[in-house]
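Visitor: Starting off with a structure, shown below.
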There are 2 protein chains.
Amino acid sequence: MRSVGAFACLVVLTFVFAPVAKGENVTGPAVLPMPTSLVLGEGALPIDSHFTTNYAGCGDPRMQGALQRLAQRVANETGLPIRAAKAASVQNATLSIECSIAGKLVPSLGEDESYRLEVTPRGAKLTARSGTGALRGLETFAQLVVAGPESFYAPSLQIEDRPRFAWRGLMLDTSRHWIAVPVLERNLDAMAAVKLNVLHWHFSDDQGFRVQSKRYPKLHELGSDGSFYTRDDVRHIVSYAAERGIRVVPEIDVPGHASAILAAYPQLGASSGPYHVANGWGIFSPTLDPTNPKVYEFLDALFAEMAQLFPDSYFHVGGDEVQSSEWDSNHAIAEFKRSHGMQSATADPAGNIALHAYFNRRIVNVLRKYGKTAVGWEEILQPDISDDVVVQSWSGPQTLAEATRRHHPGLLSFGYYLDYLQPAATYYAVDPQGGVAAQVNGGQPKLVLGGEACMWSEFANSETLDSRVWPAAAAIAERFWSASSVTDRESMYQRLGSLSRKLEWVSLRHRANYGPMLDRIAGGQAEPALRVLADALEPRGVEREFLRTYTPATPLNRLVDAARPESELVRRLEGAATTLLATPGDSAAYAELELTFRQWEGNDSRLTAVLSNNFLLEGLDKFSADLSRIGNSGLRALHYVKTNEPAPEGWLTDELKNLDALDARKSELTLAASRPLRILISRLKERAGPNIE
Amino acid sequence: MRSVGAFACLVVLTFVFAPVAKGENVTGPAVLPMPTSLVLGEGALPIDSHFTTNYAGCGDPRMQGALQRLAQRVANETGLPIRAAKAASVQNATLSIECSIAGKLVPSLGEDESYRLEVTPRGAKLTARSGTGALRGLETFAQLVVAGPESFYAPSLQIEDRPRFAWRGLMLDTSRHWIAVPVLERNLDAMAAVKLNVLHWHFSDDQGFRVQSKRYPKLHELGSDGSFYTRDDVRHIVSYAAERGIRVVPEIDVPGHASAILAAYPQLGASSGPYHVANGWGIFSPTLDPTNPKVYEFLDALFAEMAQLFPDSYFHVGGDEVQSSEWDSNHAIAEFKRSHGMQSATADPAGNIALHAYFNRRIVNVLRKYGKTAVGWEEILQPDISDDVVVQSWSGPQTLAEATRRHHPGLLSFGYYLDYLQPAATYYAVDPQGGVAAQVNGGQPKLVLGGEACMWSEFANSETLDSRVWPAAAAIAERFWSASSVTDRESMYQRLGSLSRKLEWVSLRHRANYGPMLDRIAGGQAEPALRVLADALEPRGVEREFLRTYTPATPLNRLVDAARPESELVRRLEGAATTLLATPGDSAAYAELELTFRQWEGNDSRLTAVLSNNFLLEGLDKFSADLSRIGNSGLRALHYVKTNEPAPEGWLTDELKNLDALDARKSELTLAASRPLRILISRLKERAGPNIE
C-alpha cells in the first residue's frame, strides 16, 4: 500500500496520472475535493452493467434515492446499461453502505459529514456515521469510476474523509436574471458532486423579488417581471437540495437593494418614491424606512411566511450597500436619529450606520421569533448586534477578521466572486483562514464557518449561468473541504479537467452550451474558424458593465457570453511552452504549439467573410487579426527556440510591447492566446539579455 | 421580386448563400424541406425580444401551444429574452396566423397541410386552410430567423407550400433497445421541424413487447426486460405527437418476430417452445399458430385494447420475415394446410404463404371491426388480401410497384434504412415514385402514399438514437415533402448543415452527445487527438452485426457509437479538394487541406499513449496510424498539385491501392479521411496518365 495523504500534495499529483501499483497501465482516480487521506491498494474493482448497491443501518429516507441516482450516474458516465441496481443484500452489493445514526431529511449546519470508503477487487464498502456522510462518500465513489485496459473499474484504495469547514456555499443571484428551476436543479447536482452543502438563494434585489408570497402577493406580481418561483417551486428546490445533503439559506436583502420590494409596497420606503423595479445594473437608492413601524410589521409577516418555506435555521437579511440618500433627505428620519442619539461625531456623523444597526437589531429579533439565526453581509457588523449573527465578508478579508475578533461566526466570500470570471487557480489560492482574513485585528480563525462562492447574475442567465459557475466553483469547493495544505495548482487543474467532464453527466450545460451558442453566433452554419477564435478568447468579468449599456433585457448571446472564463486550450499551450523551454527536444510540445500557431496564423483570412455579415460578431475583427498575428509571432518564436539562433532583441521588445498593449485593451474580451506566446518571448528575451552588451 | 420556384434548384441553391436583393450582406433562408415556391422580396423583418404572435379563425386547440413553442424556439435559437408573446390582436402581431377550418385534435391521413407565408419588413402573415397547415408554416417561419448585419431577421418573401406525399413517416424500433420517453419527445419535435407527419412506433418484436397491456399484462411483464411504456406514456406520446400534427401508427408485428409475445403466452405458438425473449440480433423462429382459434381471440382483445390507446385509423401488423420452421414441423398445422387446400404445387409448395395470407385476412377483419385499416410490411401482399391494406416496401422497390399494380396503397422504406448509416445524399436520391418503384410490373405511382425512414435499433439506444437518425432523416423528409425536381445535393447539404444546428434547440442530442461520449472514451480527460481521429472516422451500419458478438445488453459506448454517420469535416475537405483541383490558386482550399493533413500527420504520436490504456479504444491503433499516413500522403499530394511537378506514377498507384485496401477493411468503422485524399490522388493519376508512355 502506498500512502497518499492530503499532506503530500506532490505525491498525490503523481498518483493521479501515474500507474497504480505493480507498474500496470491503470491510472489513478481524479477525486475532487481531495480527501483527508487516500491510500492506494493493489488491483481494482471492475464495474460492469451488473453493478449493484445496498445499504444498512442508515434509516435515512434519502438513501434509496441517492443510490438510484448513483446507479444512473454510473450508467450515464460509462454507457453501461445498468438497471435498477439494488442488491439482494449488503453482502452481495458491488458497493455497500453502512451508517450508524438515523438520518435527517433536512440537513443542518455542523452535522457529521465524515465517511470512510474502501475499495478492493471484491467490492466497495462505504461507512459513515450519518446519512449525510454517506451521501458525500457516494459522490467520491462516482468519481473513481474510469475506463481501464480491460473494463471500467474503481481502483483499490482506502479513503478517510471529512470536511475542513462546515459551511461550504454557493450563492446564486436569481434576481438580476431569472434562473429557471431546471438550472437550479442541475447546479444542486453539481454542488453535491463537489460536496458543497449550502445554496445561498439570493432572490430579492433591486431587479426583482422572485419568490411567490401568499401574504404579500404584490411582491412577486409587481416586484418581478413575471418570472418568479412559486411556493411549490421553492418547496421542490428545498427538498431537491435536502435529498443531496444541501441546505438552502434564503436571502431577502434589506433595507437597501429594495427597489423591487418598494415597487410593490412604496409606503415602506424612506422617500415618497415613485419606486420601480430597477432596469439596469449598479447600486440604487430605494431603501426601507427603519423608523416606520409598518416596515417591521411587514418584515415580521414576510419572515414568518418565508420561515415556513425555508426550513434551514439560518436566514440571510442582506444588509449590503445601504445608500444614505433617502435617509438623509427625509426629515422624519433625521428627527428619529436625533431623538435616538444616533449621530456620533466622528465615524457616523449622519447616524446612518447607527440607524442601520437599529434596523438590524430589530429584524434579528424578529427572525429569532421564528427560530432563525440571521446572516448578513459584512455591513451588518455594527455595535450591539447579537453575537450569533453570521457575518459574510465580501469587500475584503479584513472584515472577516474583524467579525471573528468581535465573536461572530464568519463566512468568506471576498475572493470567491465567480462573476469576476477569474481563473480557477486564483480562487483556489484564497483561504478563509489564511492571510489577512485570519491575522489582522485579532481575528479568530476558529470562528470561520467556511465560505461561499458568489455568482451575481448581471451577466448570466439560464443559458450561460452554468459556464460562469463551473468548473471554477469546484476549485473553491476543494478549498472549503480539503486540508489547507492541499494547494498544488497543477494537481487541482488535472482533477478539475476530469471533473468538468463528469459534471456533464449530471446534465450541467457548462460545456454543452458552448457549441450551440457559437453556431448561433455564426449564423447557424458550420464555422470552425469561429471556434478557433472563441477557444483563444476569454470574457472579462469586472469591466463589462462599463463598456456597453446593459439592462436586464439585453440579450446575452454574443461571443463574450459563449466564451468560457478559462480557456482549456490556452492552459494546455502554456504547459507546452513551459515544457518546451525546459526540454527543447520535446517534440510533442513543439508539435502542439506549432500546429496551433499555424492554425491561428491562417484563421483571420478564414473568418473575415463571416465577421462582416453579422451583428453578433461586431468588434471581433481586431481580435481575429490579433490572433493571426500571435500565430505568426509564435511560429517565429518557435523557430528561435528550436534552432537556438538568437532572436533580434528589437523584435522581442516589440512583441512584448504588443502583448502588453493587447492585454491592456479595454474590452469585454481578452485574447488568452497571448499567454503562451508571452512565455516563449519572455524566455527568448532573457536569453537575449546577456548578448546585448 | 425574384422567383425561386422548386423547379429551379440551382437558383434556389444560389439564393441560399447569395446576398438578398440590392446586393446587401443579407443571406437567404435555409428552409428544409424546400417549399413548393419561394419568392424573395426586398428587405427583411427584424426579430427582437418584442416578437409577438396571434391567430384568428383557426379554432384549433393546438394553436395556442404551437405559438408558445414557436416563441420559445425563437428565444432559444436567438438568445433573445422573448416572453409569453401573444399580441393584443392579429394586427399587432409580428407573426399573424389565419386559418379557415376548425382544427382537429387528432391528425389524419390526407388532411390539408398547405400554407402560405408572407414576410415583409412590417410583419409576417401565415394563412392556411387547416390548423395542421398552419403548424407546417410555423416550422418554416422558425427556419427563417437568422442573425444579420444589424439584428436577427426573417427575409421578406412569399412562400406557397404543400406536401408532395401525404404519408411522411419515421419508424422507430423501440423493441431491440429501449428508447426513453424524453427521447421520443425530442424526436417528435425534430420530425415536426422537417414536416414529417407519421411516427410508426415499432414496439413489439423478438427482443421485447414494450407497451403495457391491461388485458394481457404478461406481455409487458414477461415480454420485456422491465422497460416498457405505460398506458399513460402512450397517451402522452400520442397527444404530444398530435399537438405537432403527427400521427402515431402502432405496430404489433405478427405472426413472426413474436418471441416476446410467446415468452408471455407460449400457448399461442406454433411449437411447444420453450419461448424466450430474444437475447441477440437476427431472425428468430418463434411464430404464432394461425390455426389456433385462441390466437384470434388474443389478437382481437389485444387489438381492441390498443385501438383505444392509438386513435389513428391505421394499424400496422408487421408480417415480415415469417420463418417457416415451426409451421413446417407442426403436424396439426400441416393437416390444417392440407384440409384447406393451401399447398400450391409451384410457388408455395408447403402452403406457408397461403397460411400467412389466411392469417392476414382474419386479422385485417379483426382490425376493421375496431375501425382500423391494416398496414403491413411487403410480405403481407398475398392473394385475396383486401385492397385497402397498405403495403410497406422494404426489401426492394419492385415490391412497391407490385403492390400498387395490385391496387394497394403503398409506402416506400427500401432505401430509407437509417440504421445503414448511409450519407444523407444516398437516401436523398431515392424517390418513392422514381425508378423501379414506379415503372416495373405496371405499378401505379399514384397509389404511393409516401414513405417512411426506418430506424432499427440493434445498434442504437436512448443515448445514440438521435445521432443515427439526424440529420439524415431530414434529407428523406425533403424527398417526401418537396417536388420531385428538388434534387440538388449541394443545396440539400448546405441547408442540412443549418438545420442540423437548429435541431439542437429542440433539445435533440445528435450533436450534443458527441463530445461527452468522446470524453468518456478518452477516460474523462481532455483528449483533442481523439476528437481529431473521431472526426475522420465513420461508423458502418450494415456489417457491424457480423464483426463482433452483440446482445441487447452490450454497451454502445465505443467510438463506433460516438462517431457520426457522415463526417462534416470530411465532406468539407472533399469540397476543398474539388475546389483546389478546379482552381489551383484557391489559397483558402489549399490552406484548409494543408492544415488538416498536417494535423492528421502528427495525430498518431499524440494519441498512442491514450490508445494503449483503455479497453474502449481497442483496435483503434491501426486507424490512428492510417490517419497519420493519409495526412502525410495528403501533404505530398498537395505539393504536386501546388507545384505542378509530376507525381511519381508508382507512388500514385501505391496510394490508390492503399486507399482501396483501407476501404475494403472489414471493420465497424471506416476512415472517411481517405475520401479527400482519393480525390487528389485520382486527379494526379489522370494527369500522370499521358506521361507513362
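Every chain in the C-alpha cells has a letter given in the order shown (A, B, ...), and although residue numbers restart at 1 in each chain, ligands are simply numbered from 1 in the order shown.
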Report as a list in words all protein, DNA and RNA residues lying within 8 Å of Tyr296 (chain B), evaluated on only C-alpha atoms, omitting residues in the same chain fewer than 4 positions from it.

Guide: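 The neighbour list is Asn292, Asp300, Arg362 and Ile363 of chain B.
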
Visitor: Pull N, CA and C atoms from the residues just selected and write them as a PDB file, in the first residue's frame.

Guide:
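again-v8.pdb, written as the output of this step:
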```pdb
ATOM      1  N   ASN B 292     -54.762 -21.812 -34.667  1.00  0.00           N
ATOM      2  CA  ASN B 292     -55.260 -21.868 -33.297  1.00  0.00           C
ATOM      3  C   ASN B 292     -56.288 -20.758 -33.063  1.00  0.00           C
ATOM      4  N   ASP B 300     -57.771 -10.308 -31.142  1.00  0.00           N
ATOM      5  CA  ASP B 300     -58.985  -9.496 -31.125  1.00  0.00           C
ATOM      6  C   ASP B 300     -59.015  -8.627 -29.870  1.00  0.00           C
ATOM      7  N   ARG B 362     -57.729 -12.788 -41.730  1.00  0.00           N
ATOM      8  CA  ARG B 362     -58.506 -12.787 -40.492  1.00  0.00           C
ATOM      9  C   ARG B 362     -58.196 -11.561 -39.626  1.00  0.00           C
ATOM     10  N   ILE B 363     -56.887 -11.246 -39.476  1.00  0.00           N
ATOM     11  CA  ILE B 363     -56.601 -10.124 -38.560  1.00  0.00           C
ATOM     12  C   ILE B 363     -56.972  -8.787 -39.195  1.00  0.00           C
TER      13      ILE B 363
END
```

Visitor: At a cut-off of 9 Å, using only C-alpha atoms, what residues contact Ala591 (chain B)? Leave out same-chain residues fewer than 5 positions from it and give the result as a ChimeraX atom specification.

Guide: /A:602 /B:586,596

Visitor: With a cut-off of 6 Å, could you pull out the residues of chain B touching chain A and give me the nearest pair of atoms for each, distance in Å to one decimal, using only C-alpha atoms, ordered by chain and ascending number, as a Markdown table?

Guide:
```
| residue | atom | partner | partner_atom | distance |
| --- | --- | --- | --- | --- |
| B:Asn25 | CA | A:Asn613 | CA | 5.9 |
| B:Gly79 | CA | A:Asn557 | CA | 5.3 |
| B:Leu80 | CA | A:Pro555 | CA | 5.2 |
| B:Val146 | CA | A:Gly523 | CA | 5.9 |
| B:Ala147 | CA | A:Gly523 | CA | 5.4 |
| B:Gly148 | CA | A:Asn614 | CA | 4.7 |
| B:Pro149 | CA | A:Asn614 | CA | 4.3 |
| B:Glu150 | CA | A:Phe615 | CA | 5.0 |
| B:Ser498 | CA | A:Gln525 | CA | 5.0 |
| B:Gly523 | CA | A:Ala147 | CA | 5.4 |
| B:Gly524 | CA | A:Ser498 | CA | 5.3 |
| B:Gln525 | CA | A:Ser498 | CA | 5.0 |
| B:Pro555 | CA | A:Leu80 | CA | 5.1 |
| B:Asn557 | CA | A:Gly79 | CA | 5.3 |
| B:Asn613 | CA | A:Pro149 | CA | 4.9 |
| B:Asn614 | CA | A:Pro149 | CA | 4.3 |
| B:Phe615 | CA | A:Pro149 | CA | 4.7 |
```

Visitor: Give me every strand (DSSP E) residue in region 319-400 of chain B, going by DSSP on the backbone, as a list in words.

Guide: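 Secondary structure check on region 319-400 of chain B, strand (DSSP E): Thr373, Ala374, Val375, Gly376, Trp377, Val390, Val391, Gln392 and Ser393 of chain B.
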
Visitor: Taking N, CA and C atoms for each residue, export the selection above as a CSV table (one decimal), in the first residue's frame.

Guide:
```csv
chain,number,residue,atom,x,y,z
B,373,THR,N,-57.6,0.4,-40.5
B,373,THR,CA,-57.1,-0.1,-41.7
B,373,THR,C,-55.8,-0.7,-41.4
B,374,ALA,N,-55.5,-1.9,-42.0
B,374,ALA,CA,-54.2,-2.5,-41.7
B,374,ALA,C,-53.1,-2.0,-42.6
B,375,VAL,N,-51.9,-1.9,-42.0
B,375,VAL,CA,-50.7,-1.7,-42.8
B,375,VAL,C,-49.8,-2.9,-42.5
B,376,GLY,N,-49.0,-3.3,-43.5
B,376,GLY,CA,-48.1,-4.4,-43.3
B,376,GLY,C,-46.9,-4.3,-44.1
B,377,TRP,N,-45.8,-4.9,-43.6
B,377,TRP,CA,-44.6,-5.0,-44.5
B,377,TRP,C,-45.0,-5.8,-45.7
B,390,VAL,N,-52.5,-1.3,-46.6
B,390,VAL,CA,-51.3,-0.5,-47.1
B,390,VAL,C,-50.1,-1.4,-47.0
B,391,VAL,N,-49.3,-1.4,-48.1
B,391,VAL,CA,-48.2,-2.3,-48.2
B,391,VAL,C,-46.9,-1.4,-48.1
B,392,GLN,N,-46.0,-1.8,-47.1
B,392,GLN,CA,-44.8,-1.1,-46.9
B,392,GLN,C,-43.6,-1.8,-47.5
B,393,SER,N,-43.0,-1.3,-48.5
B,393,SER,CA,-42.0,-2.0,-49.2
B,393,SER,C,-40.6,-1.8,-48.5
```

Visitor: Suppose you want the space between CA of Arg548 (chain A) and CA of Gly282 (chain A); what is it in Å?

Guide: 13.5 Å

Visitor: Record the distance separating CA of Val317 (chain A) and CA of Ile237 (chain A), expressed in Å with one decimal.

Guide: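 Separation between CA of Val317 (chain A) and CA of Ile237 (chain A): 20.0 Å.
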
Visitor: Have a look at CA of Gly318 (chain A) and CA of Ala264 (chain A) and let me know their distance in Å, one decimal.

Guide: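 According to the coordinates, CA of Gly318 (chain A) and CA of Ala264 (chain A) are separated by 18.8 Å.
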
Visitor: What lies within 9 Å of Gly208 (chain A) using only C-alpha atoms, ignoring chain neighbours under 6 positions off, as JSON, numbers by chain?

Guide: {"A": [174, 175, 176, 177, 178, 219, 220, 222, 223, 224, 225, 227, 228, 258, 259, 260, 261, 277, 278]}
